[in-house]
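Asker: If it helps, the file is called coords-v7.cif and holds mmCIF, C-alpha atoms:
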```
data_protein
loop_
_atom_site.label_atom_id
_atom_site.label_comp_id
_atom_site.auth_asym_id
_atom_site.auth_seq_id
_atom_site.Cartn_x
_atom_site.Cartn_y
_atom_site.Cartn_z
CA MET A 679 -2.22 7.36 -26.79
CA ASN A 680 0.41 5.55 -24.81
CA ARG A 681 -0.19 3.36 -21.77
CA LYS A 682 1.03 5.93 -19.25
CA LYS A 683 -1.29 8.63 -20.54
CA LEU A 684 -4.29 6.28 -20.58
CA GLN A 685 -3.50 5.12 -17.04
CA LYS A 686 -3.21 8.72 -15.83
CA LEU A 687 -6.55 9.60 -17.45
CA THR A 688 -8.27 6.63 -15.83
CA GLU A 689 -6.75 7.49 -12.44
CA THR A 690 -8.05 11.07 -12.81
CA LEU A 691 -11.58 9.76 -13.30
CA THR A 692 -11.53 7.07 -10.62
CA LYS A 693 -9.34 8.50 -7.83
CA ASN A 694 -12.20 8.63 -5.30
CA CYS A 695 -13.82 5.35 -6.30
CA LYS A 696 -12.60 2.86 -3.71
CA HIS A 697 -14.61 -0.11 -4.91
CA LEU A 698 -14.25 0.43 -8.64
CA PHE A 699 -12.99 -3.07 -9.40
CA ARG A 700 -15.89 -4.84 -7.71
CA GLY A 701 -18.38 -2.57 -9.48
CA PHE A 702 -16.84 -3.10 -12.92
CA ASP A 703 -16.20 -6.87 -12.63
CA LYS A 704 -19.80 -7.88 -13.38
CA ASP A 705 -19.13 -11.62 -13.83
CA ASN A 706 -16.99 -11.79 -10.66
CA ASP A 707 -14.16 -13.59 -12.41
CA GLY A 708 -11.44 -11.45 -10.84
CA CYS A 709 -10.76 -9.61 -14.12
CA VAL A 710 -12.25 -6.53 -15.70
CA SER A 711 -12.67 -7.31 -19.39
CA VAL A 712 -12.58 -4.64 -22.08
CA SER A 713 -16.37 -4.78 -22.41
CA GLU A 714 -16.84 -4.48 -18.61
CA TRP A 715 -14.45 -1.50 -18.58
CA ILE A 716 -16.32 0.21 -21.45
CA VAL A 717 -19.70 -0.39 -19.79
CA GLY A 718 -18.31 1.01 -16.52
CA LEU A 719 -16.89 4.11 -18.19
CA SER A 720 -20.17 4.62 -20.02
CA LEU A 721 -22.02 4.50 -16.71
CA PHE A 722 -19.54 6.93 -15.11
CA LEU A 723 -19.72 9.42 -17.97
CA ARG A 724 -23.31 9.18 -19.22
CA GLY A 725 -25.20 6.88 -16.86
CA THR A 726 -28.77 7.56 -15.85
CA LEU A 727 -29.76 7.86 -12.20
CA GLU A 728 -31.24 4.34 -12.43
CA GLU A 729 -27.95 2.90 -13.75
CA LYS A 730 -25.93 4.74 -11.11
CA MET A 731 -28.25 3.50 -8.35
CA LYS A 732 -27.82 -0.11 -9.51
CA TYR A 733 -24.04 0.32 -9.71
CA CYS A 734 -23.73 1.94 -6.26
CA PHE A 735 -26.02 -0.64 -4.67
CA GLU A 736 -23.91 -3.49 -6.11
CA VAL A 737 -20.75 -1.82 -4.79
CA PHE A 738 -22.29 -1.34 -1.32
CA ASP A 739 -23.65 -4.92 -1.19
CA LEU A 740 -20.28 -6.31 -0.14
CA ASN A 741 -21.29 -9.98 0.04
CA GLY A 742 -23.54 -9.94 -3.03
CA ASP A 743 -26.65 -11.23 -1.25
CA GLY A 744 -28.95 -8.50 -2.61
CA PHE A 745 -29.07 -6.51 0.64
CA ILE A 746 -26.94 -3.94 2.43
CA SER A 747 -26.74 -5.20 6.01
CA LYS A 748 -25.93 -3.22 9.17
CA GLU A 749 -22.50 -4.88 9.18
CA GLU A 750 -21.82 -3.81 5.58
CA MET A 751 -22.94 -0.24 6.36
CA PHE A 752 -20.70 -0.17 9.43
CA HIS A 753 -17.70 -1.46 7.48
CA MET A 754 -18.12 1.04 4.63
CA LEU A 755 -18.79 4.02 6.89
CA LYS A 756 -15.84 3.15 9.13
CA ASN A 757 -13.56 3.07 6.09
CA SER A 758 -14.87 6.26 4.51
CA LEU A 759 -15.20 8.63 7.48
CA LEU A 760 -12.30 10.71 8.72
CA LYS A 761 -11.07 9.65 12.12
CA GLN A 762 -11.15 12.48 14.66
CA PRO A 763 -9.19 12.33 17.91
CA SER A 764 -11.74 12.24 20.71
CA GLU A 765 -12.49 10.59 24.00
CA GLU A 766 -15.43 8.69 22.54
CA ASP A 767 -15.16 5.29 20.91
CA PRO A 768 -15.42 6.09 17.18
CA ASP A 769 -17.20 2.77 16.57
CA GLU A 770 -20.10 3.94 18.75
CA GLY A 771 -20.58 7.02 16.57
CA ILE A 772 -20.55 4.86 13.45
CA LYS A 773 -23.10 2.48 14.99
CA ASP A 774 -25.33 5.49 15.71
CA LEU A 775 -24.91 6.65 12.12
CA VAL A 776 -25.92 3.18 10.86
CA GLU A 777 -29.10 3.33 12.97
CA ILE A 778 -29.93 6.83 11.70
CA THR A 779 -29.32 5.67 8.12
CA LEU A 780 -31.60 2.67 8.59
CA LYS A 781 -34.37 4.88 9.96
CA LYS A 782 -34.08 7.09 6.87
CA MET A 783 -33.65 4.40 4.20
CA ASP A 784 -35.14 1.10 5.44
CA HIS A 785 -38.70 1.59 4.20
CA ASP A 786 -39.87 -1.97 4.91
CA HIS A 787 -38.27 -1.96 8.41
CA ASP A 788 -36.53 -5.34 8.10
CA GLY A 789 -33.17 -4.13 9.45
CA LYS A 790 -31.37 -4.16 6.09
CA LEU A 791 -31.58 -2.33 2.78
CA SER A 792 -32.98 -4.01 -0.29
CA PHE A 793 -32.53 -2.36 -3.68
CA SER A 794 -36.14 -1.20 -3.39
CA ASP A 795 -35.40 0.55 -0.06
CA TYR A 796 -32.25 2.12 -1.47
CA GLU A 797 -33.93 3.22 -4.69
CA GLN A 798 -36.85 4.85 -2.86
CA ALA A 799 -34.52 6.70 -0.49
CA VAL A 800 -32.27 7.95 -3.32
CA ARG A 801 -35.26 9.12 -5.37
CA GLU A 802 -36.43 11.08 -2.33
CA GLU A 803 -32.94 12.49 -1.68
CA THR A 804 -30.29 12.05 -4.39
CA LEU A 805 -27.47 12.85 -1.94
CA LEU A 806 -28.03 9.35 -0.53
CA LEU A 807 -26.74 7.81 -3.79
CA GLU A 808 -23.26 7.56 -2.25
CA ALA A 809 -24.41 7.34 1.38
CA PHE A 810 -21.80 4.72 2.33
CA GLY A 811 -18.80 6.23 0.57
CA PRO A 812 -17.70 7.50 -2.82
CA CYS A 813 -18.05 5.10 -5.71
CA LEU A 814 -18.68 7.47 -8.62
CA PRO A 815 -16.30 10.07 -10.04
CA ASP A 816 -16.84 13.62 -8.89
CA PRO A 817 -17.94 16.11 -11.58
CA LYS A 818 -14.54 17.83 -11.69
CA SER A 819 -12.71 14.55 -12.36
CA GLN A 820 -15.28 13.63 -14.99
CA MET A 821 -14.81 16.98 -16.78
CA GLU A 822 -11.01 16.64 -16.68
CA PHE A 823 -11.24 13.14 -18.12
CA GLU A 824 -13.57 14.17 -20.93
CA ALA A 825 -11.50 17.27 -21.76
CA GLN A 826 -8.38 15.13 -22.16
CA VAL A 827 -9.99 12.25 -24.04
CA PHE A 828 -12.06 14.32 -26.42
CA LYS A 829 -9.62 17.13 -27.17
CA ASP A 830 -7.74 15.21 -29.87
CA PRO A 831 -9.44 12.05 -31.18
CA ASN A 832 -6.40 11.29 -33.39
CA GLU A 833 -4.34 10.53 -30.28
CA PHE A 834 -6.15 7.20 -30.02
CA ASN A 835 -4.71 6.14 -33.39
CA ASP A 836 -1.35 5.64 -31.64
CA MET A 837 -2.69 2.81 -29.49
#
```
Translate this file's structure into structure tokens.
Answerer:
Amino acid sequence: MNRKKLQKLTETLTKNCKHLFRGFDKDNDGCVSVSEWIVGLSLFLRGTLEEKMKYCFEVFDLNGDGFISKEEMFHMLKNSLLKQPSEEDPDEGIKDLVEITLKKMDHDHDGKLSFSDYEQAVREETLLLEAFGPCLPDPKSQMEFEAQVFKDPNEFNDM
């Protein structure tokens, strides 16, 4: 498989994953190694709910402190919601959404989400897995990727 085809396949799988690099670069060295890429693809294609929760939480924890703060929620929601022309200040609506999210997910009521808070909320309602924006491939993209990659295993001999 040539470089262009591999790049197109990867783009098909990850087109909606805005924070892919941060999620794959586990050692935070600014590079995604081959092993990090393989682990990331494995998670995307066959990951358990537990693995996907850990991945999404790490992506949402923008500063890496082990919590998703109100500021991080605001930033992610502001960047992932469609802007609608209105008379209201869109930031106010996002702030309201952050407060609603905290009421739903912050089980220990400390004003931020720990992994424990996030995990409990996602287990209660799996739609909350990507509550702050897409970071996993959608099922259609995943199926397209697998159909292309697994249709002719001999294509990989060209690499």
Asker: Quick one: residues within 12 Å of (-16.9, 14.3, -10.3) (file frame), counting only C-alpha atoms, please, as a PDB file with C-alpha atoms, in the coordinates of the input.
Answerer:
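The result, written out as out_5.pdb:
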```pdb
ATOM      1  CA  THR A 690      -8.050  11.070 -12.810  1.00  0.00           C
ATOM      2  CA  LEU A 691     -11.580   9.760 -13.300  1.00  0.00           C
ATOM      3  CA  THR A 692     -11.530   7.070 -10.620  1.00  0.00           C
ATOM      4  CA  LYS A 693      -9.340   8.500  -7.830  1.00  0.00           C
ATOM      5  CA  ASN A 694     -12.200   8.630  -5.300  1.00  0.00           C
ATOM      6  CA  CYS A 695     -13.820   5.350  -6.300  1.00  0.00           C
ATOM      7  CA  PHE A 722     -19.540   6.930 -15.110  1.00  0.00           C
ATOM      8  CA  LEU A 723     -19.720   9.420 -17.970  1.00  0.00           C
ATOM      9  CA  PRO A 812     -17.700   7.500  -2.820  1.00  0.00           C
ATOM     10  CA  CYS A 813     -18.050   5.100  -5.710  1.00  0.00           C
ATOM     11  CA  LEU A 814     -18.680   7.470  -8.620  1.00  0.00           C
ATOM     12  CA  PRO A 815     -16.300  10.070 -10.040  1.00  0.00           C
ATOM     13  CA  ASP A 816     -16.840  13.620  -8.890  1.00  0.00           C
ATOM     14  CA  PRO A 817     -17.940  16.110 -11.580  1.00  0.00           C
ATOM     15  CA  LYS A 818     -14.540  17.830 -11.690  1.00  0.00           C
ATOM     16  CA  SER A 819     -12.710  14.550 -12.360  1.00  0.00           C
ATOM     17  CA  GLN A 820     -15.280  13.630 -14.990  1.00  0.00           C
ATOM     18  CA  MET A 821     -14.810  16.980 -16.780  1.00  0.00           C
ATOM     19  CA  GLU A 822     -11.010  16.640 -16.680  1.00  0.00           C
ATOM     20  CA  PHE A 823     -11.240  13.140 -18.120  1.00  0.00           C
ATOM     21  CA  GLU A 824     -13.570  14.170 -20.930  1.00  0.00           C
TER      22      GLU A 824
END
```
Asker: Please, which residues in segment 772-799 of chain A fall within 9 Å of segment 741-752 of chain A when counting only C-alpha atoms, and what is the closest atom pair and distance in Å to one decimal for each, ordered by chain then residue number, as JSON lines?
Answerer:
```
{"residue": "A:Ile772", "atom": "CA", "partner": "A:Phe752", "partner_atom": "CA", "distance": 6.4}
{"residue": "A:Lys773", "atom": "CA", "partner": "A:Phe752", "partner_atom": "CA", "distance": 6.6}
{"residue": "A:Leu775", "atom": "CA", "partner": "A:Phe752", "partner_atom": "CA", "distance": 8.5}
{"residue": "A:Val776", "atom": "CA", "partner": "A:Phe752", "partner_atom": "CA", "distance": 6.4}
{"residue": "A:Glu777", "atom": "CA", "partner": "A:Lys748", "partner_atom": "CA", "distance": 8.2}
{"residue": "A:Thr779", "atom": "CA", "partner": "A:Met751", "partner_atom": "CA", "distance": 8.9}
{"residue": "A:Leu780", "atom": "CA", "partner": "A:Lys748", "partner_atom": "CA", "distance": 8.2}
{"residue": "A:Gly789", "atom": "CA", "partner": "A:Lys748", "partner_atom": "CA", "distance": 7.3}
{"residue": "A:Lys790", "atom": "CA", "partner": "A:Ser747", "partner_atom": "CA", "distance": 4.7}
{"residue": "A:Leu791", "atom": "CA", "partner": "A:Ile746", "partner_atom": "CA", "distance": 4.9}
{"residue": "A:Ser792", "atom": "CA", "partner": "A:Phe745", "partner_atom": "CA", "distance": 4.7}
{"residue": "A:Phe793", "atom": "CA", "partner": "A:Phe745", "partner_atom": "CA", "distance": 6.9}
{"residue": "A:Tyr796", "atom": "CA", "partner": "A:Ile746", "partner_atom": "CA", "distance": 9.0}
```
Asker: If you keep C-alpha atoms, can you produce a file of those selected residues as a PDB file, in the coordinates of the input?
Answerer:
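Saved result, out38.pdb, follows:
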```
ATOM      1  CA  ILE A 772     -20.550   4.860  13.450  1.00  0.00           C
ATOM      2  CA  LYS A 773     -23.100   2.480  14.990  1.00  0.00           C
ATOM      3  CA  LEU A 775     -24.910   6.650  12.120  1.00  0.00           C
ATOM      4  CA  VAL A 776     -25.920   3.180  10.860  1.00  0.00           C
ATOM      5  CA  GLU A 777     -29.100   3.330  12.970  1.00  0.00           C
ATOM      6  CA  THR A 779     -29.320   5.670   8.120  1.00  0.00           C
ATOM      7  CA  LEU A 780     -31.600   2.670   8.590  1.00  0.00           C
ATOM      8  CA  GLY A 789     -33.170  -4.130   9.450  1.00  0.00           C
ATOM      9  CA  LYS A 790     -31.370  -4.160   6.090  1.00  0.00           C
ATOM     10  CA  LEU A 791     -31.580  -2.330   2.780  1.00  0.00           C
ATOM     11  CA  SER A 792     -32.980  -4.010  -0.290  1.00  0.00           C
ATOM     12  CA  PHE A 793     -32.530  -2.360  -3.680  1.00  0.00           C
ATOM     13  CA  TYR A 796     -32.250   2.120  -1.470  1.00  0.00           C
TER      14      TYR A 796
END
```
Asker: Written as a PyMOL selection string, which residues does the PyMOL selection byres ((chain A and resi 802-804) around 12) give for the file shown?
Answerer: chain A and resi 727-728+730-731+782-783+785+795-801+805-809
Asker: What is the atom CA of Ile778 of chain A to atom CA of His697 of chain A distance in Å?
Answerer: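 Atom-to-atom, atom CA of Ile778 of chain A to atom CA of His697 of chain A, that is 23.6 Å.
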Asker: Quick check, in Å to one decimal: how far apart do atom CA of Ser794 of chain A and atom CA of Ser711 of chain A lie?
Answerer: 29.1 Å
Asker: Between atom CA of Val712 of chain A and atom CA of Met754 of chain A, what is the distance, to one decimal in Å?
Answerer: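 These two atoms are separated by 27.9 Å.
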Asker: For segment 816-826 of chain A, take all atoms listed in the file, fit an axis-aligned box around them, add 3 Å to each of the six sides, then output centre and edge lengths in Å rounded to one decimal, as JSON.
Answerer:
```
{"center_x": -13.2, "center_y": 15.5, "center_z": -15.5, "size_x": 15.6, "size_y": 10.7, "size_z": 19.3}
```
Asker: Dump as a short mmCIF file (atom, residue, chain, number, x, y, z; two decimals) with C-alpha atoms, in the frame of the given file all residues having an atom at most 12 Å from (-17.4, -7.5, -9.9), computed in the file's coordinates with all atoms listed in the file.
Answerer:
```cif
data_model
loop_
_atom_site.label_atom_id
_atom_site.label_comp_id
_atom_site.auth_asym_id
_atom_site.auth_seq_id
_atom_site.Cartn_x
_atom_site.Cartn_y
_atom_site.Cartn_z
CA HIS A 697 -14.61 -0.11 -4.91
CA LEU A 698 -14.25 0.43 -8.64
CA PHE A 699 -12.99 -3.07 -9.40
CA ARG A 700 -15.89 -4.84 -7.71
CA GLY A 701 -18.38 -2.57 -9.48
CA PHE A 702 -16.84 -3.10 -12.92
CA ASP A 703 -16.20 -6.87 -12.63
CA LYS A 704 -19.80 -7.88 -13.38
CA ASP A 705 -19.13 -11.62 -13.83
CA ASN A 706 -16.99 -11.79 -10.66
CA ASP A 707 -14.16 -13.59 -12.41
CA GLY A 708 -11.44 -11.45 -10.84
CA CYS A 709 -10.76 -9.61 -14.12
CA VAL A 710 -12.25 -6.53 -15.70
CA SER A 711 -12.67 -7.31 -19.39
CA GLU A 714 -16.84 -4.48 -18.61
CA TRP A 715 -14.45 -1.50 -18.58
CA GLY A 718 -18.31 1.01 -16.52
CA TYR A 733 -24.04 0.32 -9.71
CA CYS A 734 -23.73 1.94 -6.26
CA GLU A 736 -23.91 -3.49 -6.11
CA VAL A 737 -20.75 -1.82 -4.79
CA PHE A 738 -22.29 -1.34 -1.32
CA ASP A 739 -23.65 -4.92 -1.19
CA LEU A 740 -20.28 -6.31 -0.14
CA ASN A 741 -21.29 -9.98 0.04
CA GLY A 742 -23.54 -9.94 -3.03
#
```
Asker: Measuring between only C-alpha atoms, which one of A:Asp767, A:Ile716, A:Gly725, A:Phe735 shows the shortest distance to Phe810 of chain A?
Answerer: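 Checking each of A:Asp767, A:Ile716, A:Gly725, A:Phe735 against Phe810 of chain A, counting only C-alpha atoms, the winner is A:Phe735.
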